[in-house]
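**Q** The following block contains the structure, expressed as structure tokens.
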Amino acid sequence: MMTQIETTVHYDNGYEDEYMIQEDEWDRDMLLDPAWEQQQRKTFTAWCNSHLRKAGTQIDNIEEDFRNGLKLMLLLEVISGERLPKPDRGKMRFHKIANVNKALDFITSKGVKLVSIGAEEIVDGNVKMTLGMIWTIILRFAIQDISVEETSAKEGLLLWCQRKTAPYRNVNVQNFHVSWKDGLAFCALIHRHRPDLLDFSKLNKDDPLGNLNLAFDIAEKHLDIPKMLDAEDIINTPKPDERAIMTYVSCFYHAFAGAEQAETAANRICKVLGVNQENEKLMEEYERLASELLEWIRRTTPWLENRTPEKTMAEMQRKLEDFRDYRRQHKPPKVQEKCQLEINFNTLQTKLRISNRPAFMPSEGKMVSDIASAWQGLEQAEKGFEEWLLTEIQRLERLDHLAEKFHQKATNHENWASGKELILIQKDYETATLTEVRALLRKHEAFESDLAAHQDRVEQIAAIAQELKYALPTADAWTHLSLRIR
């Protein structure tokens, strides 16, 4: 029969964990229960070996193998990642006590006050003290730092279990003892994180042995969680040992929380990579759109700057129609591209600034200001082109009107003058009688009077021809006609 010794763990945060006081009261009632001791032996031994194997060693008997302090110091180094003082290698009792004290001092340095746990009891193989010390280590390094929704340690671990198992039927985690007896809570934790490992819908609440064995076997095979208890240890105990269950469950927490953290980190990295790729895509898109828009401006501006008039009204009308098509069809999409280009540029700069990345510098000649300057030149050329077209069309319309007027007056004059020259060169007066000569004279006087009346018309036709000559570079025909009329 073991001597009852009170073991309490104090933390430097200024308060004693309430649940620890409750556990100590319960522990004193359970000290004589062999099942309690057996469960802690199995669980704590498996937990220690899950860490010691990283250093290439293990323990077989928890109260014996820690007596010289060497493996205890090694365990603390493995789980903390820190170096402890060099151990004493002697085999005398005081060497062992010195090593255990180095281990206990290290635990104390991590903010844990040990009460009633001394090096002598560990060296002497006191099972109660050894299990209490290992539980202290488990609390400090495996449970204390668990934090879930502003709760920590035991409460945080319990809340995590409740959150993860809430959607599962017949699972109601309220504690770390009887809530786990049927094995469904263990299976629910596994299924929540690795649904590929078991089919929860096929589990039977009335088969706790099968459920527990399934969960423990899967955890050992696929999750690298060593088997810390036998299913029979839990089923055959009215109230499984809380410390043993907490230790076992904490391994599930760290296995899955580690995976979740890794997944979160991977997702964060993927997000960063995704943002970078999106930024790169925006940069490439900006460069492409800027190049295409600038090329279109370079092609279009010379066309708008061309002031060479066409020879006919029909050709100028086609030119005007082409300009209207440009205004209706070709330019509006480019206006949208220019606006989208500016939006993409500003969006990209904002994304880079949020990501603490350097600002984007487009290729030479493709800055937003370069595009704005080129666009301004396009607008100016377009405005001048429209004014020129309208002026040129008005000029041609006036020339058409003058030409038509010239044609009508010249035709009328030609019709009037037709045959008059032949009459004037005739010499019929040489053989005419006096009476006939007088008749011819009256006729000639009438012609001269008519000719004087047509002189104003001739001058009008000559004036129109002169205007056409200066208005049309190819008005030779009009000039020739004018000379003929003169």
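As shown in the structure tokens, the chain order sets the letters A, B, ...; within each chain, residues go from 1, and ligands are also counted from 1 in the order they appear.
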Where does DSSP see strand (DSSP E or B) in range 23-173 of chain A, if you list the residues as a list in words?

**A**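 In range 23-173 of chain A, DSSP puts these residues in strand (DSSP E or B): Val112, Lys113, Leu114, Val115, Ser147, Val148, Thr151 and Ser152 of chain A.
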
**Q** Give me the residues near range 175-191 of chain A as an NGL selection string, where near means some atom within 8 Å (using only C-alpha atoms) and where sequence neighbours in that chain fewer than 6 positions away do not count.

**A** :A and (158 or 161 or 164-165 or 168 or 197-200 or 203 or 205-209 or 211-212 or 214-215 or 219 or 234-235 or 238-243 or 245-246 or 252)

**Q** Go through range 248-300 of chain A and flag each residue having an atom no more than 12 Å from range 305-310 of chain A; for those, report the closest pair of atoms plus their distance in Å to one decimal, using only C-alpha atoms, ordered by chain and rising number, as CSV.

**A**
residue,atom,partner,partner_atom,distance
A:Ile297,CA,A:Glu305,CA,11.9
A:Arg298,CA,A:Glu305,CA,11.3
A:Arg299,CA,A:Glu305,CA,10.9
A:Thr300,CA,A:Glu305,CA,8.8

**Q** Hey, what's within 10 Å of Met283 in chain A if we count only C-alpha atoms and toss same-chain stuff fewer than 5 positions away? As a ChimeraX atom specification, please?

**A** /A:277-278,288-289,344-345,348-349,360-362

**Q** Write down as number ranges by chain the residues belonging to range 197-394 of chain A that are assigned helix (DSSP H, G or I) by DSSP computed on the backbone.

**A** A: 200-202, 208-222, 231-235, 242-305, 313-354, 368-394

**Q** Grab the CA of Lys366 in chain A to CA of Glu292 in chain A distance for me, in Å with one decimal place.

**A**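 Calculated distance between CA of Lys366 in chain A and CA of Glu292 in chain A is 10.5 Å.
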
**Q** Which of these, A:Lys469, A:His193, A:Lys319, A:Arg438, has the shortest distance to Gly258 in chain A once you count only C-alpha atoms?

**A**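 Ranked by minimum distance to Gly258 in chain A, first place goes to A:His193.
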
**Q** Could you state the separation of CA of Ala290 in chain A and CA of Ile371 in chain A in Å, given to one decimal place?

**A** 7.4 Å

**Q** Name the residues in contact with range 326-337 of chain A at a cut-off of 9 Å, using only C-alpha atoms, excluding same-chain residues fewer than 4 positions from it; report them as JSON, numbers by chain.

**A** {"A": [289, 290, 293, 296, 321, 322, 341, 342]}

**Q** Name the closest residue to Tyr286 in chain A among the candidates A:His444, A:Lys338, A:His254, A:Arg395; distances are taken between atoms, counting only C-alpha atoms.

**A**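 Ranking A:His444, A:Lys338, A:His254, A:Arg395 by distance to Tyr286 in chain A, first place goes to A:Lys338.
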
**Q** So which residues touch Thr312 in chain A within 12 Å, counting only C-alpha atoms, skipping near sequence neighbours fewer than 5 positions away, as a list in words?

**A**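 Near neighbours after the sequence-gap exclusion: Gln317, Arg318, Lys319, Glu392, Ile393, Arg395, Leu396, Glu397, Leu399, Asp400, Leu472 and Thr474 of chain A.
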
**Q** Can I get the selection written as a PDB file, in the first residue's frame, with C-alpha atoms?

**A**
ATOM      1  CA  GLN A 317     -17.806  62.715 -97.978  1.00  0.00           C
ATOM      2  CA  ARG A 318     -16.250  59.237 -97.668  1.00  0.00           C
ATOM      3  CA  LYS A 319     -13.469  60.781 -95.597  1.00  0.00           C
ATOM      4  CA  GLU A 392     -13.096  71.594 -96.686  1.00  0.00           C
ATOM      5  CA  ILE A 393     -16.545  70.190 -97.360  1.00  0.00           C
ATOM      6  CA  ARG A 395     -15.406  74.849 -99.642  1.00  0.00           C
ATOM      7  CA  LEU A 396     -16.154  72.031-102.058  1.00  0.00           C
ATOM      8  CA  GLU A 397     -19.874  72.637-101.749  1.00  0.00           C
ATOM      9  CA  LEU A 399     -17.066  75.247-105.578  1.00  0.00           C
ATOM     10  CA  ASP A 400     -19.701  72.820-106.758  1.00  0.00           C
ATOM     11  CA  LEU A 472      -8.911  74.344-107.609  1.00  0.00           C
ATOM     12  CA  THR A 474      -6.581  71.498-111.440  1.00  0.00           C
TER      13      THR A 474
END

**Q** What's around Asn213 in chain A at 8 Å? Count only C-alpha atoms, leave out sequence neighbours fewer than 4 positions away in its own chain, and write the answer as a list in words.

**A**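 Returned residues: Leu209, Asp217, Asp230 and Ala231 of chain A.
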
**Q** For a quick check of understanding, using only C-alpha atoms, which of A:Ile137, A:Leu320, A:Val275, A:Leu223 has the smallest distance to Arg357 in chain A?

**A**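 Distance minimum relative to Arg357 in chain A lands on A:Val275.
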
**Q** Residues near Gln39 in chain A, anyone? I mean within 7 Å using only C-alpha atoms, not counting same-chain ones fewer than 2 positions away, as a list in words.

**A**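 Using only C-alpha atoms, the neighbours found are Ala35, Trp36, Glu37, Arg41, Lys42, Thr43, Leu229, Asp233, Asp241 and Ala244 of chain A.
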
**Q** Take the selection from the previous step and output its residues with all heavy atoms, as a PDB file, in the first residue's frame.

**A**
ATOM      1  N   ALA A  35      -6.177   0.451 -10.921  1.00  0.00           N
ATOM      2  CA  ALA A  35      -6.491   0.826 -12.307  1.00  0.00           C
ATOM      3  C   ALA A  35      -5.985   2.235 -12.599  1.00  0.00           C
ATOM      4  O   ALA A  35      -5.469   2.514 -13.685  1.00  0.00           O
ATOM      5  CB  ALA A  35      -8.000   0.728 -12.544  1.00  0.00           C
ATOM      6  N   TRP A  36      -6.138   3.096 -11.622  1.00  0.00           N
ATOM      7  CA  TRP A  36      -5.666   4.488 -11.778  1.00  0.00           C
ATOM      8  C   TRP A  36      -4.163   4.524 -12.026  1.00  0.00           C
ATOM      9  O   TRP A  36      -3.679   5.172 -12.939  1.00  0.00           O
ATOM     10  CB  TRP A  36      -6.025   5.270 -10.525  1.00  0.00           C
ATOM     11  CG  TRP A  36      -5.359   6.608 -10.415  1.00  0.00           C
ATOM     12  CD1 TRP A  36      -5.731   7.760 -10.998  1.00  0.00           C
ATOM     13  CD2 TRP A  36      -4.187   6.903  -9.663  1.00  0.00           C
ATOM     14  NE1 TRP A  36      -4.886   8.779 -10.670  1.00  0.00           N
ATOM     15  CE2 TRP A  36      -3.913   8.276  -9.842  1.00  0.00           C
ATOM     16  CE3 TRP A  36      -3.325   6.151  -8.847  1.00  0.00           C
ATOM     17  CZ2 TRP A  36      -2.830   8.908  -9.231  1.00  0.00           C
ATOM     18  CZ3 TRP A  36      -2.263   6.779  -8.245  1.00  0.00           C
ATOM     19  CH2 TRP A  36      -2.015   8.161  -8.452  1.00  0.00           C
ATOM     20  N   GLU A  37      -3.424   3.800 -11.161  1.00  0.00           N
ATOM     21  CA  GLU A  37      -1.967   3.781 -11.313  1.00  0.00           C
ATOM     22  C   GLU A  37      -1.556   3.135 -12.628  1.00  0.00           C
ATOM     23  O   GLU A  37      -0.648   3.622 -13.325  1.00  0.00           O
ATOM     24  CB  GLU A  37      -1.322   3.019 -10.139  1.00  0.00           C
ATOM     25  CG  GLU A  37       0.190   2.969 -10.218  1.00  0.00           C
ATOM     26  CD  GLU A  37       0.795   2.182  -9.071  1.00  0.00           C
ATOM     27  OE1 GLU A  37       0.237   2.225  -7.961  1.00  0.00           O
ATOM     28  OE2 GLU A  37       1.822   1.514  -9.307  1.00  0.00           O
ATOM     29  N   ARG A  41       0.646   4.861 -15.576  1.00  0.00           N
ATOM     30  CA  ARG A  41       1.920   4.244 -15.966  1.00  0.00           C
ATOM     31  C   ARG A  41       1.996   4.073 -17.480  1.00  0.00           C
ATOM     32  O   ARG A  41       2.971   4.453 -18.127  1.00  0.00           O
ATOM     33  CB  ARG A  41       2.073   2.866 -15.292  1.00  0.00           C
ATOM     34  CG  ARG A  41       2.591   2.883 -13.872  1.00  0.00           C
ATOM     35  CD  ARG A  41       2.568   1.458 -13.337  1.00  0.00           C
ATOM     36  NE  ARG A  41       3.103   1.391 -11.998  1.00  0.00           N
ATOM     37  CZ  ARG A  41       4.377   1.190 -11.715  1.00  0.00           C
ATOM     38  NH1 ARG A  41       5.244   1.044 -12.695  1.00  0.00           N
ATOM     39  NH2 ARG A  41       4.790   1.115 -10.460  1.00  0.00           N
ATOM     40  N   LYS A  42       0.957   3.466 -18.045  1.00  0.00           N
ATOM     41  CA  LYS A  42       0.943   3.205 -19.484  1.00  0.00           C
ATOM     42  C   LYS A  42       1.002   4.505 -20.286  1.00  0.00           C
ATOM     43  O   LYS A  42       1.810   4.656 -21.205  1.00  0.00           O
ATOM     44  CB  LYS A  42      -0.328   2.435 -19.867  1.00  0.00           C
ATOM     45  CG  LYS A  42      -0.293   0.958 -19.565  1.00  0.00           C
ATOM     46  CD  LYS A  42      -1.553   0.301 -20.121  1.00  0.00           C
ATOM     47  CE  LYS A  42      -1.534  -1.211 -19.865  1.00  0.00           C
ATOM     48  NZ  LYS A  42      -2.744  -1.854 -20.416  1.00  0.00           N
ATOM     49  N   THR A  43       0.120   5.425 -19.919  1.00  0.00           N
ATOM     50  CA  THR A  43       0.007   6.658 -20.700  1.00  0.00           C
ATOM     51  C   THR A  43       1.272   7.495 -20.606  1.00  0.00           C
ATOM     52  O   THR A  43       1.811   7.960 -21.626  1.00  0.00           O
ATOM     53  CB  THR A  43      -1.199   7.485 -20.217  1.00  0.00           C
ATOM     54  OG1 THR A  43      -2.372   6.677 -20.292  1.00  0.00           O
ATOM     55  CG2 THR A  43      -1.385   8.716 -21.088  1.00  0.00           C
ATOM     56  N   LEU A 229      -2.986   3.692 -24.103  1.00  0.00           N
ATOM     57  CA  LEU A 229      -3.880   2.915 -23.245  1.00  0.00           C
ATOM     58  C   LEU A 229      -4.439   1.748 -24.037  1.00  0.00           C
ATOM     59  O   LEU A 229      -4.489   1.777 -25.269  1.00  0.00           O
ATOM     60  CB  LEU A 229      -5.042   3.779 -22.746  1.00  0.00           C
ATOM     61  CG  LEU A 229      -4.753   4.830 -21.662  1.00  0.00           C
ATOM     62  CD1 LEU A 229      -5.984   5.692 -21.446  1.00  0.00           C
ATOM     63  CD2 LEU A 229      -4.343   4.159 -20.357  1.00  0.00           C
ATOM     64  N   ASP A 233      -8.560  -0.941 -20.551  1.00  0.00           N
ATOM     65  CA  ASP A 233      -8.259  -0.078 -19.400  1.00  0.00           C
ATOM     66  C   ASP A 233      -9.359   0.961 -19.188  1.00  0.00           C
ATOM     67  O   ASP A 233      -9.673   1.318 -18.044  1.00  0.00           O
ATOM     68  CB  ASP A 233      -6.928   0.652 -19.630  1.00  0.00           C
ATOM     69  CG  ASP A 233      -5.748  -0.305 -19.706  1.00  0.00           C
ATOM     70  OD1 ASP A 233      -5.835  -1.379 -19.082  1.00  0.00           O
ATOM     71  OD2 ASP A 233      -4.759   0.042 -20.384  1.00  0.00           O
ATOM     72  N   ASP A 241      -8.988   7.377 -15.711  1.00  0.00           N
ATOM     73  CA  ASP A 241      -8.110   8.375 -15.111  1.00  0.00           C
ATOM     74  C   ASP A 241      -8.067   9.633 -15.972  1.00  0.00           C
ATOM     75  O   ASP A 241      -7.756   9.590 -17.167  1.00  0.00           O
ATOM     76  CB  ASP A 241      -6.703   7.805 -14.951  1.00  0.00           C
ATOM     77  CG  ASP A 241      -5.758   8.831 -14.352  1.00  0.00           C
ATOM     78  OD1 ASP A 241      -5.978   9.219 -13.207  1.00  0.00           O
ATOM     79  OD2 ASP A 241      -4.825   9.259 -15.073  1.00  0.00           O
ATOM     80  N   ALA A 244      -4.607  10.558 -17.513  1.00  0.00           N
ATOM     81  CA  ALA A 244      -4.241   9.690 -18.634  1.00  0.00           C
ATOM     82  C   ALA A 244      -5.005  10.095 -19.893  1.00  0.00           C
ATOM     83  O   ALA A 244      -4.425  10.208 -20.990  1.00  0.00           O
ATOM     84  CB  ALA A 244      -4.526   8.237 -18.277  1.00  0.00           C
TER      85      ALA A 244
END
